[in-house]
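The structure under discussion appears below in the form of structure tokens.
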Amino acid sequence: MPDGATIALGGLSMNSAPMAFVRELVRADKRDLTVVAIVAGMCVDWLVAAGAVSRVVAGLVSFEGLGLAPHFRRAVERGETTMEEYSEHLLICRLQAQARRLPFMPTVAGLGTDVPALHAGSGTLRIETDTATGRPYVACTPLAVDVAVVHVHEADATGNARVHPKLIWMDSEIVNAADRSVVTAERIVDNASFTAEPHRSSYPRFMVDAVCAAPRGAYPTSCFPDYGHDDGFYADYVAACGSPADFGAFWERRIAGPETWDDVLAANGAAVTDGRVAGGST
Amino acid sequence: MPDGATIALGGLSMNSAPMAFVRELVRADKRDLTVVAIVAGMCVDWLVAAGAVSRVVAGLVSFEGLGLAPHFRRAVERGETTMEEYSEHLLICRLQAQARRLPFMPTVAGLGTDVPALHAGSGTLRIETDTATGRPYVACTPLAVDVAVVHVHEADATGNARVHPKLIWMDSEIVNAADRSVVTAERIVDNASFTAEPHRSSYPRFMVDAVCAAPRGAYPTSCFPDYGHDDGFYADYVAACGSPADFGAFWERRIAGPETWDDVLAANGAAVTDGRVAGGST
Amino acid sequence: MTGAPAVVPSYSCTIDELMVVAFSRALANDTRAFNGAASFVPVCAYRLARRTHAPELVWAASSIAVDADPAVVGSSTLSDELWGGASMLANSPADFWTYAQGARYNTFAFRGAQMDAYGNVNNSVIGPYHSPKVRLPGGGGMADLGCMIPRIYLWSTTHGPRTFVERLDFRSGLGWGDGGDHRASLGLPGGPRLCVTSLCVFDFEPETKRMRLASLHPGVSVEDVQSATGFEVLLPAGEVPITAQPSAEELHILRTEVDPSGARRREF
Amino acid sequence: MTGAPAVVPSYSCTIDELMVVAFSRALANDTRAFNGAASFVPVCAYRLARRTHAPELVWAASSIAVDADPAVVGSSTLSDELWGGASMLANSPADFWTYAQGARYNTFAFRGAQMDAYGNVNNSVIGPYHSPKVRLPGGGGMADLGCMIPRIYLWSTTHGPRTFVERLDFRSGLGWGDGGDHRASLGLPGGPRLCVTSLCVFDFEPETKRMRLASLHPGVSVEDVQSATGFEVLLPAGEVPITAQPSAEELHILRTEVDPSGARRREF
């Protein structure tokens with residue numbers, strides 16, 4: 001993952017983001033990344049806080065009812081990071097055009113809004129008119145992605161992977177579009193686990209280039225049904241963002257400083273157990 | 001289902017066609033139907049044999065290695081039935097354009113072949129050029145469908161429906177495109193069966209307008225894992241097509257004549273049991 | 001972010017309850033709805049309607065869990081805590097977006113940091129787009145679903161002149177667009193039906209498609225609404241009615257079955 | 001439907017085995033293949049290659065069952081009987097067609113009632129399209145996958161002049177199109193690599209993209225092939241090799257593990 005790469009992150013809002021992987025990017029001191037995330041929050045904020053991101057390509061970046069994503073917000077307001085803003089579906093259509101090797105995907109999404117005009121210059125979206133009906137549509141051009149990273153419940157050593165109880169969010173869209181894909185998994189299991197229930201597999205091995213074990217690897221986002229998102233972490237994070245000194249300490253103690261991901265979990269009172277994470281802030 | 005309607009049939013080749021429903025159409029003496037079927041065989045041949053079909057909209061109609069579909073073949077050769085021929089994916093794209101209320105879906109499928117030119121006059125397919133890249137694509141226009149009929153393993157009284165072990169073929173494409181949908185089901189089950197495993201549901205109740213119990217309703221096509229297709233029926237059917245008299249007798253005895261669907265199964269030695277249909281011709 | 005005047009209803013219910021009930025009563029039996037993030041008022045309204053006058057109403061929790069009937073509403077309207085009792089977990093790309101594009105789902109509710117008289121919303125920036133005073137989260141699915149879904153509902157728990165503005169700083173999501181037949185001219189179905197706020201209920205004047213007072217919450221005057229609204233508020237012919245009081249049954253169901261933990265108050 | 005001369009190989013294997021092995025040897029370790037209906041020769045070739053020189057080869061039975069490893073090949077190559085041992089059952093619209101369009105599946109084999117020198121195929125009609133002598137099944141996915149998949153293989157168990165024609169009555173599926181750079185000019189990846197027939201193996205001359213003799217099955221002469229072929233057969237520089245004999249190991253694996261029931265002979 002070189003500096004300057006375009007990396008797409010899975011998950012949706014406070015659910016199933018590949019946070020353990022994101023922390024590794026933070027610690028590897030990456031620079032100038034373009035981060036594609038359809039509906040995101042904490043994962044983008046960590047990378048922006050680390051100074052790793054020059055451009056965010058997204059439909060939404062927030063902590064839902066728990067607040068704005070503070071570093072994302074500030075970096076864009078200061079012009080330090082570019083927000084290349086799409087809507088969810090316009091971004092999905094760009095990813096689908098890439099995955100399906102189409103010159104564009106058409107959609108009515110975005111018509112009448114100010115979103116398409118943001119991209120008239122770059123040409124990534126074009127408003128066109130159907131020749132037969134005269135109906136307008138938005139032509140969404142392919143979005144190239146170097147690496148997609150998604151978090152799953154189980155994977156085998158060859159790359160077969162699955163989400164429990166099924167793949168519901170839009171992670172498959174980034175995996176399908178990306179040149180290479182990395183899966184982080186709560187558990188590494190035998191291939192026999194897949195052949196026993198092949199109808200439950202989410203990704204075949206040939207769509208996955210690397211697999212990493214990452215128990216509780218989506219923390220502080222959820223990986224239900226195993227664990228929910230950690231409200232307390234979000235609240236503490238937002239509170240710490242009130243002052244650079246507070247945030248520096250928080251960042252060092254609870255995110256970037258601990259040696260291993262297990263240490264991060266321990267520092268947040270969210271060590272791997274059988275139960276769901278409930279609260280968890282230390 | 002009025003005469004002249006456009007009806008889409010689910011299943012793929014020798015798998016999971018809604019045959020019990022098709023037989024009801026035969027017995028109801030329907031006329032002038034347009035039948036949409038992506039990859040079909042016996043279901044189309046029965047309707048053509050009954051004189052119910054003026055137009056077939058399909059990618060493929062055959063009995064695979066067991067032969068051509070004799071009535072379909074003859075009716076098209078005689079000009080009695082029109083074959084509006086697409087490829088699988090061109091047809092899927094037309095159905096998707098309809099389902100998604102798009103003016104067209106683009107694809108590279110069909111480029112360089114003679115298929116798009118078949119539809120230049122009607123305009124249902126158009127070869128266009130992407131304005132930005134100069135790449136050609138086929139614009140597939142919406143295909144309106146009055147009623148889709150698909151066969152599933154289980155449905156509840158409200159219309160929730162599922163295929164075991166999962167929906168693999170393209171039936172969802174016709175359900176999504178159609179104005180109304182009918183599900184025939186091997187078993188009617190309680191809603192609790194769906195709420196217990198909601199990740200396994202194939203269609204939500206609001207996509208289904210009517211549910212009919214039809215045990216072994218896909219016979220002689222398969223409904224695996226419950227039962228396979230009946231090689232013997234196909235062979236007997238093809239053999240009977242050698243002479244009108246033979247076929248008349250076969251048709252009356254084994255398809256159109258029996259009073260109920262259970263009687264059809266009995267006449268074909270394929271009565272509902274717990275095992276797979278094996279052979280089965282009488 | 002709001003300059004809304006305090007409203008103390010003279011009812012035995014709170015403003016969140018009044019809003020949920022007003023929203024709920026507007027929902028027909030053939031409603032097929034879903035929800036996004038931080039949508040407690042709509043979620044409670046859908047659940048309440050289903051338990052009262054609209055038994056066949058479809059609600060897909062988080063756009064995923066069809067016919068969910070959870071015991072409680074939790075801290076996120078995208079959490080699986082909301083999915084209990086569902087008959088189907090739909091896949092977002094293959095199922096949800098197809099149902100939404102085909103208007104199989106026919107009802108969606110959204111709100112923005114700014115909303116204009118035509119029910120368009122801004123959730124992207126406050127100030128100039130490229131040097132914003134506040135960078136907001138982004139429109140998410142509003143630009144999509146505003147175009148695809150025929151029955152759009154808006155709500156605001158912060159009715160004030162910074163929310164209801166004459167001109168959006170950015171149009172993230174489509175309501176009636178420029179008004180009149182603009183939306184239809186784009187080939188798009190339906191449009192916004194109601195906007196339920198902390199002061200009143202707006203509908204949309206049929207010709208211009210501008211917000212029009214449909215009812216005032218108890219204790220709120222036309223002048224209160226106008227002074228809390230950055231655009232000219234259209235008035236109906238005749239007297240403006242008072243938003244109907246929730247029934248005892250509605251309140252009981254809302255408080256004990258639909259949202260016993262009071263999650264709806266998270267938005268206030 | 002064929003005027004092919006009888007071929008009696010002088011080997012201790014049958015023609016179906018020779019064809020399967022020749023096909024199999026052409027498959028690289030990074031092959032990611034799937035199959036459609038009545039595709040016994042390709043199915044056996046994929047399975048054999050995976051068990052011999054291409055252990056990482058992907059084969060999705062019926063385009064659905066990824067990495068299937070069934071005990072036997074049954075009477076249909078679309079039947080679930082073929083899906084045993086799979087690691088994933090893919091959904092056709094959401095998964096298969098995306099993988100195919102993106103060339104994540106990179107290998108497909110098809111054949112037609114007619115094939116031309118450029119590897120284009122006809123499975124739609126014999127005779128004029130609108131008043132056909134024979135209405136064939138239709139191209140199915142050939143028009144799609146011929147355009148999407150970079151590594152196309154053709155096979156024919158009925159090598160004769162009615163199958164290999166100068167001019168197709170209808171082009172149902174795309175090979176090298178009009179030859180030369182036609183395919184690339186349409187923005188399409190790759191193209192046909194080999195055509196394995198009951199008489200010989202063809203490859204494609206790199207410039208014109210016309211079929212060229214790559215090897216003759218034992219006992220078959222160049223003249224036999226030309227007289228069974230309706231277009232001019234290109235010859236390689238130098239002598240035409242004989243199709244390599246299957247090894248004892250290949251034959252053993254094919255007969256005992258890959259296809260013990262002899263389903264491959266259904267095509268002959």
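Labeling convention for the structure tokens: chains A, B, ... as they appear, residues from 1 per chain, ligands from 1 in order of appearance.
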
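By chain and then residue number, the residues within 7 Å of A:Tyr137 are A:Pro106, A:Thr107, A:Val108, A:Ile127, A:Glu128, A:Thr129, counting only C-alpha atoms and disregarding those fewer than 5 positions away in sequence.
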
Residues of chain C near chain D: apply a cut-off of 12 Å, count only C-alpha atoms, and supply the list as a ChimeraX atom specification.
-> /C:91-95,98

Fitted copy of chain C on chain D, all Cα, as an mmCIF file with C-alpha atoms, in the first residue's frame:
data_model
loop_
_atom_site.group_PDB
_atom_site.id
_atom_site.type_symbol
_atom_site.label_atom_id
_atom_site.label_comp_id
_atom_site.auth_asym_id
_atom_site.auth_seq_id
_atom_site.Cartn_x
_atom_site.Cartn_y
_atom_site.Cartn_z
ATOM 1 C CA MET C 1 -25.827 -32.740 -38.321
ATOM 2 C CA THR C 2 -22.244 -33.595 -39.187
ATOM 3 C CA GLY C 3 -20.364 -34.959 -42.115
ATOM 4 C CA ALA C 4 -17.244 -35.658 -40.113
ATOM 5 C CA PRO C 5 -15.186 -38.646 -41.164
ATOM 6 C CA ALA C 6 -14.792 -41.379 -38.603
ATOM 7 C CA VAL C 7 -11.615 -41.082 -36.603
ATOM 8 C CA VAL C 8 -10.116 -44.043 -34.861
ATOM 9 C CA PRO C 9 -7.125 -42.935 -32.854
ATOM 10 C CA SER C 10 -4.295 -45.400 -32.702
ATOM 11 C CA TYR C 11 -3.961 -44.689 -29.016
ATOM 12 C CA SER C 12 -5.079 -46.496 -25.972
ATOM 13 C CA CYS C 13 -7.522 -43.704 -25.368
ATOM 14 C CA THR C 14 -10.757 -42.656 -26.962
ATOM 15 C CA ILE C 15 -11.435 -39.425 -28.816
ATOM 16 C CA ASP C 16 -13.309 -37.916 -25.881
ATOM 17 C CA GLU C 17 -10.295 -38.559 -23.683
ATOM 18 C CA LEU C 18 -7.896 -37.137 -26.253
ATOM 19 C CA MET C 19 -9.987 -33.962 -26.525
ATOM 20 C CA VAL C 20 -10.387 -33.517 -22.787
ATOM 21 C CA VAL C 21 -6.652 -33.907 -22.243
ATOM 22 C CA ALA C 22 -5.709 -31.574 -25.090
ATOM 23 C CA PHE C 23 -8.089 -28.955 -23.696
ATOM 24 C CA SER C 24 -6.893 -29.514 -20.160
ATOM 25 C CA ARG C 25 -3.216 -29.049 -20.999
ATOM 26 C CA ALA C 26 -3.953 -25.637 -22.460
ATOM 27 C CA LEU C 27 -5.284 -24.331 -19.143
ATOM 28 C CA ALA C 28 -2.953 -22.252 -16.994
ATOM 29 C CA ASN C 29 -2.873 -22.297 -13.215
ATOM 30 C CA ASP C 30 -4.577 -18.887 -13.089
ATOM 31 C CA THR C 31 -7.603 -20.117 -15.025
ATOM 32 C CA ARG C 32 -10.891 -19.019 -13.470
ATOM 33 C CA ALA C 33 -13.545 -20.865 -15.428
ATOM 34 C CA PHE C 34 -17.237 -21.645 -15.316
ATOM 35 C CA ASN C 35 -19.532 -23.657 -17.549
ATOM 36 C CA GLY C 36 -22.964 -23.609 -19.090
ATOM 37 C CA ALA C 37 -25.287 -26.345 -20.345
ATOM 38 C CA ALA C 38 -24.132 -29.587 -22.019
ATOM 39 C CA SER C 39 -20.464 -28.780 -21.501
ATOM 40 C CA PHE C 40 -19.046 -32.144 -20.551
ATOM 41 C CA VAL C 41 -15.718 -31.816 -22.362
ATOM 42 C CA PRO C 42 -14.861 -28.443 -20.773
ATOM 43 C CA VAL C 43 -16.030 -29.564 -17.339
ATOM 44 C CA CYS C 44 -13.801 -32.625 -17.516
ATOM 45 C CA ALA C 45 -10.897 -30.534 -18.818
ATOM 46 C CA TYR C 46 -11.162 -28.048 -15.954
ATOM 47 C CA ARG C 47 -11.371 -30.802 -13.390
ATOM 48 C CA LEU C 48 -8.472 -32.685 -14.908
ATOM 49 C CA ALA C 49 -6.251 -29.601 -15.106
ATOM 50 C CA ARG C 50 -6.914 -28.833 -11.475
ATOM 51 C CA ARG C 51 -5.854 -32.344 -10.500
ATOM 52 C CA THR C 52 -2.708 -32.267 -12.616
ATOM 53 C CA HIS C 53 -0.771 -29.140 -13.573
ATOM 54 C CA ALA C 54 -3.106 -26.319 -12.452
ATOM 55 C CA PRO C 55 -3.914 -26.865 -8.769
ATOM 56 C CA GLU C 56 -5.196 -23.316 -8.226
ATOM 57 C CA LEU C 57 -7.552 -23.336 -11.191
ATOM 58 C CA VAL C 58 -11.020 -22.090 -10.286
ATOM 59 C CA TRP C 59 -14.036 -23.834 -11.733
ATOM 60 C CA ALA C 60 -17.535 -22.639 -10.933
ATOM 61 C CA ALA C 61 -19.931 -25.462 -11.766
ATOM 62 C CA SER C 62 -22.940 -24.094 -13.680
ATOM 63 C CA SER C 63 -21.382 -20.647 -13.124
ATOM 64 C CA ILE C 64 -22.639 -20.997 -9.549
ATOM 65 C CA ALA C 65 -20.730 -23.530 -7.456
ATOM 66 C CA VAL C 66 -17.207 -22.191 -6.955
ATOM 67 C CA ASP C 67 -14.492 -24.815 -6.511
ATOM 68 C CA ALA C 68 -16.985 -27.660 -6.826
ATOM 69 C CA ASP C 69 -15.458 -31.113 -6.698
ATOM 70 C CA PRO C 70 -18.291 -33.554 -7.305
ATOM 71 C CA ALA C 71 -17.885 -37.311 -7.050
ATOM 72 C CA VAL C 72 -19.312 -37.786 -10.529
ATOM 73 C CA VAL C 73 -20.413 -35.743 -13.509
ATOM 74 C CA GLY C 74 -24.145 -36.308 -13.997
ATOM 75 C CA SER C 75 -26.529 -35.963 -16.918
ATOM 76 C CA SER C 76 -26.615 -32.163 -16.928
ATOM 77 C CA THR C 77 -23.782 -29.701 -16.454
ATOM 78 C CA LEU C 78 -26.291 -27.308 -14.891
ATOM 79 C CA SER C 79 -27.503 -29.747 -12.249
ATOM 80 C CA ASP C 80 -26.790 -29.465 -8.578
ATOM 81 C CA GLU C 81 -25.340 -32.966 -8.822
ATOM 82 C CA LEU C 82 -22.230 -31.170 -10.064
ATOM 83 C CA TRP C 83 -21.964 -28.852 -7.081
ATOM 84 C CA GLY C 84 -20.563 -31.098 -4.400
ATOM 85 C CA GLY C 85 -17.647 -29.748 -2.433
ATOM 86 C CA ALA C 86 -18.142 -26.126 -3.504
ATOM 87 C CA SER C 87 -16.881 -23.330 -1.256
ATOM 88 C CA MET C 88 -19.499 -20.886 -2.468
ATOM 89 C CA LEU C 89 -22.816 -20.899 -4.251
ATOM 90 C CA ALA C 90 -22.821 -17.598 -6.070
ATOM 91 C CA ASN C 91 -25.956 -15.688 -6.972
ATOM 92 C CA SER C 92 -26.269 -15.296 -10.683
ATOM 93 C CA PRO C 93 -27.335 -11.659 -11.091
ATOM 94 C CA ALA C 94 -25.339 -10.142 -8.250
ATOM 95 C CA ASP C 95 -22.236 -12.307 -8.283
ATOM 96 C CA PHE C 96 -21.804 -14.241 -11.497
ATOM 97 C CA TRP C 97 -22.534 -11.467 -13.941
ATOM 98 C CA THR C 98 -20.344 -9.035 -12.043
ATOM 99 C CA TYR C 99 -17.437 -11.484 -11.968
ATOM 100 C CA ALA C 100 -17.930 -12.227 -15.658
ATOM 101 C CA GLN C 101 -18.120 -8.567 -16.691
ATOM 102 C CA GLY C 102 -15.007 -7.741 -14.710
ATOM 103 C CA ALA C 103 -13.116 -10.741 -16.149
ATOM 104 C CA ARG C 104 -12.737 -12.074 -12.606
ATOM 105 C CA TYR C 105 -13.809 -15.207 -14.367
ATOM 106 C CA ASN C 106 -11.329 -15.246 -17.222
ATOM 107 C CA THR C 107 -12.130 -18.476 -19.051
ATOM 108 C CA PHE C 108 -15.207 -19.791 -20.836
ATOM 109 C CA ALA C 109 -15.789 -22.463 -23.453
ATOM 110 C CA PHE C 110 -18.627 -22.601 -25.924
ATOM 111 C CA ARG C 111 -19.531 -24.143 -29.232
ATOM 112 C CA GLY C 112 -22.187 -23.607 -31.820
ATOM 113 C CA ALA C 113 -24.073 -25.518 -34.430
ATOM 114 C CA GLN C 114 -21.932 -23.451 -36.789
ATOM 115 C CA MET C 115 -18.491 -21.959 -36.171
ATOM 116 C CA ASP C 116 -16.464 -19.795 -38.523
ATOM 117 C CA ALA C 117 -12.756 -19.260 -39.062
ATOM 118 C CA TYR C 118 -12.672 -16.460 -36.474
ATOM 119 C CA GLY C 119 -14.234 -18.536 -33.763
ATOM 120 C CA ASN C 120 -17.614 -16.835 -33.962
ATOM 121 C CA VAL C 121 -20.531 -19.181 -33.380
ATOM 122 C CA ASN C 122 -24.150 -19.624 -34.427
ATOM 123 C CA ASN C 123 -26.626 -21.400 -32.225
ATOM 124 C CA SER C 124 -29.727 -19.531 -33.375
ATOM 125 C CA VAL C 125 -30.899 -20.627 -36.800
ATOM 126 C CA ILE C 126 -29.928 -22.662 -39.830
ATOM 127 C CA GLY C 127 -31.087 -20.798 -42.905
ATOM 128 C CA PRO C 128 -32.547 -17.306 -43.168
ATOM 129 C CA TYR C 129 -33.115 -15.804 -39.732
ATOM 130 C CA HIS C 130 -36.773 -14.984 -40.183
ATOM 131 C CA SER C 131 -37.751 -18.140 -42.043
ATOM 132 C CA PRO C 132 -35.290 -20.643 -40.681
ATOM 133 C CA LYS C 133 -34.789 -24.163 -41.876
ATOM 134 C CA VAL C 134 -33.951 -25.081 -38.302
ATOM 135 C CA ARG C 135 -34.758 -22.926 -35.324
ATOM 136 C CA LEU C 136 -31.947 -23.692 -32.885
ATOM 137 C CA PRO C 137 -32.099 -22.937 -29.132
ATOM 138 C CA GLY C 138 -30.530 -19.478 -29.295
ATOM 139 C CA GLY C 139 -27.189 -18.130 -28.252
ATOM 140 C CA GLY C 140 -27.968 -18.023 -24.525
ATOM 141 C CA GLY C 141 -24.987 -16.448 -22.874
ATOM 142 C CA MET C 142 -22.620 -16.735 -25.823
ATOM 143 C CA ALA C 143 -23.222 -13.202 -27.056
ATOM 144 C CA ASP C 144 -22.524 -11.984 -23.534
ATOM 145 C CA LEU C 145 -19.609 -14.086 -22.420
ATOM 146 C CA GLY C 146 -17.955 -14.032 -25.805
ATOM 147 C CA CYS C 147 -17.675 -10.271 -25.287
ATOM 148 C CA MET C 148 -16.734 -10.261 -21.606
ATOM 149 C CA ILE C 149 -14.340 -13.148 -21.082
ATOM 150 C CA PRO C 150 -10.719 -12.807 -22.238
ATOM 151 C CA ARG C 151 -9.871 -16.484 -22.661
ATOM 152 C CA ILE C 152 -12.360 -18.254 -24.878
ATOM 153 C CA TYR C 153 -12.088 -21.894 -25.810
ATOM 154 C CA LEU C 154 -14.131 -23.606 -28.474
ATOM 155 C CA TRP C 155 -14.731 -27.267 -28.957
ATOM 156 C CA SER C 156 -16.579 -29.490 -31.366
ATOM 157 C CA THR C 157 -17.267 -33.179 -31.231
ATOM 158 C CA THR C 158 -18.719 -33.026 -34.755
ATOM 159 C CA HIS C 159 -15.954 -31.619 -36.929
ATOM 160 C CA GLY C 160 -17.475 -31.455 -40.381
ATOM 161 C CA PRO C 161 -18.246 -28.906 -43.095
ATOM 162 C CA ARG C 162 -21.738 -28.180 -41.762
ATOM 163 C CA THR C 163 -20.262 -27.170 -38.406
ATOM 164 C CA PHE C 164 -17.137 -25.338 -39.593
ATOM 165 C CA VAL C 165 -18.504 -22.950 -42.172
ATOM 166 C CA GLU C 166 -17.205 -20.076 -44.272
ATOM 167 C CA ARG C 167 -20.144 -17.898 -43.251
ATOM 168 C CA LEU C 168 -22.434 -18.240 -40.278
ATOM 169 C CA ASP C 169 -26.162 -18.008 -40.893
ATOM 170 C CA PHE C 170 -26.285 -15.842 -37.754
ATOM 171 C CA ARG C 171 -23.590 -14.682 -35.381
ATOM 172 C CA SER C 172 -24.948 -15.602 -31.933
ATOM 173 C CA GLY C 173 -21.652 -15.437 -30.105
ATOM 174 C CA LEU C 174 -18.499 -13.436 -30.612
ATOM 175 C CA GLY C 175 -15.075 -14.931 -31.173
ATOM 176 C CA TRP C 176 -12.563 -12.728 -32.982
ATOM 177 C CA GLY C 177 -15.420 -11.017 -34.849
ATOM 178 C CA ASP C 178 -14.286 -9.946 -38.308
ATOM 179 C CA GLY C 179 -10.701 -10.805 -37.373
ATOM 180 C CA GLY C 180 -7.652 -8.580 -37.052
ATOM 181 C CA ASP C 181 -8.204 -5.979 -34.342
ATOM 182 C CA HIS C 182 -12.006 -6.002 -34.614
ATOM 183 C CA ARG C 183 -12.492 -7.310 -31.104
ATOM 184 C CA ALA C 184 -10.079 -4.839 -29.525
ATOM 185 C CA SER C 185 -11.685 -2.013 -31.484
ATOM 186 C CA LEU C 186 -14.928 -2.815 -29.682
ATOM 187 C CA GLY C 187 -13.119 -2.434 -26.365
ATOM 188 C CA LEU C 188 -13.364 -6.142 -25.625
ATOM 189 C CA PRO C 189 -10.673 -8.192 -23.864
ATOM 190 C CA GLY C 190 -8.768 -11.192 -25.232
ATOM 191 C CA GLY C 191 -10.501 -13.604 -27.549
ATOM 192 C CA PRO C 192 -10.556 -17.260 -28.596
ATOM 193 C CA ARG C 193 -7.386 -19.205 -27.865
ATOM 194 C CA LEU C 194 -7.997 -22.731 -29.062
ATOM 195 C CA CYS C 195 -10.617 -24.832 -30.741
ATOM 196 C CA VAL C 196 -10.397 -28.497 -29.843
ATOM 197 C CA THR C 197 -12.276 -30.696 -32.301
ATOM 198 C CA SER C 198 -12.798 -34.348 -33.014
ATOM 199 C CA LEU C 199 -10.109 -34.111 -35.705
ATOM 200 C CA CYS C 200 -7.568 -31.601 -34.526
ATOM 201 C CA VAL C 201 -6.654 -28.624 -32.414
ATOM 202 C CA PHE C 202 -6.825 -25.152 -33.928
ATOM 203 C CA ASP C 203 -5.165 -22.091 -32.577
ATOM 204 C CA PHE C 204 -5.614 -18.617 -34.071
ATOM 205 C CA GLU C 205 -3.104 -16.925 -36.343
ATOM 206 C CA PRO C 206 -2.040 -13.804 -34.432
ATOM 207 C CA GLU C 207 -2.563 -11.228 -37.171
ATOM 208 C CA THR C 208 -5.679 -12.330 -38.989
ATOM 209 C CA LYS C 209 -7.164 -14.195 -35.987
ATOM 210 C CA ARG C 210 -8.197 -17.061 -38.281
ATOM 211 C CA MET C 211 -8.131 -20.677 -37.164
ATOM 212 C CA ARG C 212 -4.820 -22.362 -37.811
ATOM 213 C CA LEU C 213 -3.972 -26.008 -37.377
ATOM 214 C CA ALA C 214 -2.060 -26.454 -34.159
ATOM 215 C CA SER C 215 -2.056 -30.246 -34.086
ATOM 216 C CA LEU C 216 -3.666 -33.190 -35.819
ATOM 217 C CA HIS C 217 -5.207 -36.010 -33.865
ATOM 218 C CA PRO C 218 -3.498 -39.312 -34.562
ATOM 219 C CA GLY C 219 -4.489 -40.781 -37.900
ATOM 220 C CA VAL C 220 -5.917 -37.513 -39.229
ATOM 221 C CA SER C 221 -4.309 -35.727 -42.174
ATOM 222 C CA VAL C 222 -4.285 -32.077 -43.120
ATOM 223 C CA GLU C 223 -6.498 -33.041 -46.037
ATOM 224 C CA ASP C 224 -8.979 -34.723 -43.711
ATOM 225 C CA VAL C 225 -9.263 -31.520 -41.730
ATOM 226 C CA GLN C 226 -9.551 -29.308 -44.798
ATOM 227 C CA SER C 227 -12.232 -31.464 -46.343
ATOM 228 C CA ALA C 228 -14.180 -31.412 -43.071
ATOM 229 C CA THR C 229 -13.871 -27.631 -42.821
ATOM 230 C CA GLY C 230 -15.858 -25.122 -44.826
ATOM 231 C CA PHE C 231 -13.223 -22.423 -44.671
ATOM 232 C CA GLU C 232 -9.598 -22.424 -45.684
ATOM 233 C CA VAL C 233 -7.535 -23.919 -42.896
ATOM 234 C CA LEU C 234 -4.332 -22.039 -42.164
ATOM 235 C CA LEU C 235 -1.247 -24.155 -41.598
ATOM 236 C CA PRO C 236 1.602 -23.431 -39.231
ATOM 237 C CA ALA C 237 5.153 -22.965 -40.436
ATOM 238 C CA GLY C 238 6.800 -26.367 -40.727
ATOM 239 C CA GLU C 239 5.208 -29.714 -40.085
ATOM 240 C CA VAL C 240 1.911 -29.955 -38.240
ATOM 241 C CA PRO C 241 2.466 -31.773 -34.963
ATOM 242 C CA ILE C 242 0.396 -34.682 -33.756
ATOM 243 C CA THR C 243 -1.831 -33.947 -30.759
ATOM 244 C CA ALA C 244 0.142 -35.127 -27.759
ATOM 245 C CA GLN C 245 -0.882 -38.432 -26.283
ATOM 246 C CA PRO C 246 -2.469 -38.313 -22.835
ATOM 247 C CA SER C 247 -0.226 -39.595 -20.131
ATOM 248 C CA ALA C 248 -1.131 -42.691 -18.221
ATOM 249 C CA GLU C 249 -1.611 -40.527 -15.169
ATOM 250 C CA GLU C 250 -3.952 -38.143 -16.962
ATOM 251 C CA LEU C 251 -6.043 -41.010 -18.249
ATOM 252 C CA HIS C 252 -6.162 -42.645 -14.864
ATOM 253 C CA ILE C 253 -7.272 -39.451 -13.144
ATOM 254 C CA LEU C 254 -9.818 -38.678 -15.848
ATOM 255 C CA ARG C 255 -11.312 -42.172 -15.769
ATOM 256 C CA THR C 256 -11.325 -42.735 -12.045
ATOM 257 C CA GLU C 257 -11.580 -39.313 -10.397
ATOM 258 C CA VAL C 258 -12.777 -36.680 -12.823
ATOM 259 C CA ASP C 259 -15.471 -38.523 -14.725
ATOM 260 C CA PRO C 260 -15.837 -42.117 -13.584
ATOM 261 C CA SER C 261 -19.330 -42.401 -15.089
ATOM 262 C CA GLY C 262 -18.138 -41.349 -18.553
ATOM 263 C CA ALA C 263 -20.439 -38.347 -18.858
ATOM 264 C CA ARG C 264 -17.978 -36.824 -21.344
ATOM 265 C CA ARG C 265 -19.096 -39.396 -23.897
ATOM 266 C CA ARG C 266 -22.600 -37.866 -23.926
ATOM 267 C CA GLU C 267 -21.330 -35.329 -26.388
ATOM 268 C CA PHE C 268 -20.169 -37.916 -28.937
#

Quick one: DSSP helix (DSSP H, G or I) residues in stretch 79-220 of chain D, as a PyMOL selection string?
-> chain D and resi 80-82+92-101+142-148+182-185

Strand (DSSP E or B) positions in stretch 142-278 of chain A, given as a ChimeraX atom specification | /A:145-155,161-162,178-188,203,210-213,222-223,227

Spatial neighbours of stretch 234-240 of chain B, max dist 8 Å, only C-alpha atoms, sep filter under 2 positions, as a list in words = Phe63, Leu66, Gly67, Ala69, Pro70, Pro220, Asp230, Asp231, Gly232, Gly242, Ser243, Pro244, Asp246, Phe247, Phe250 and Ser281 of chain B
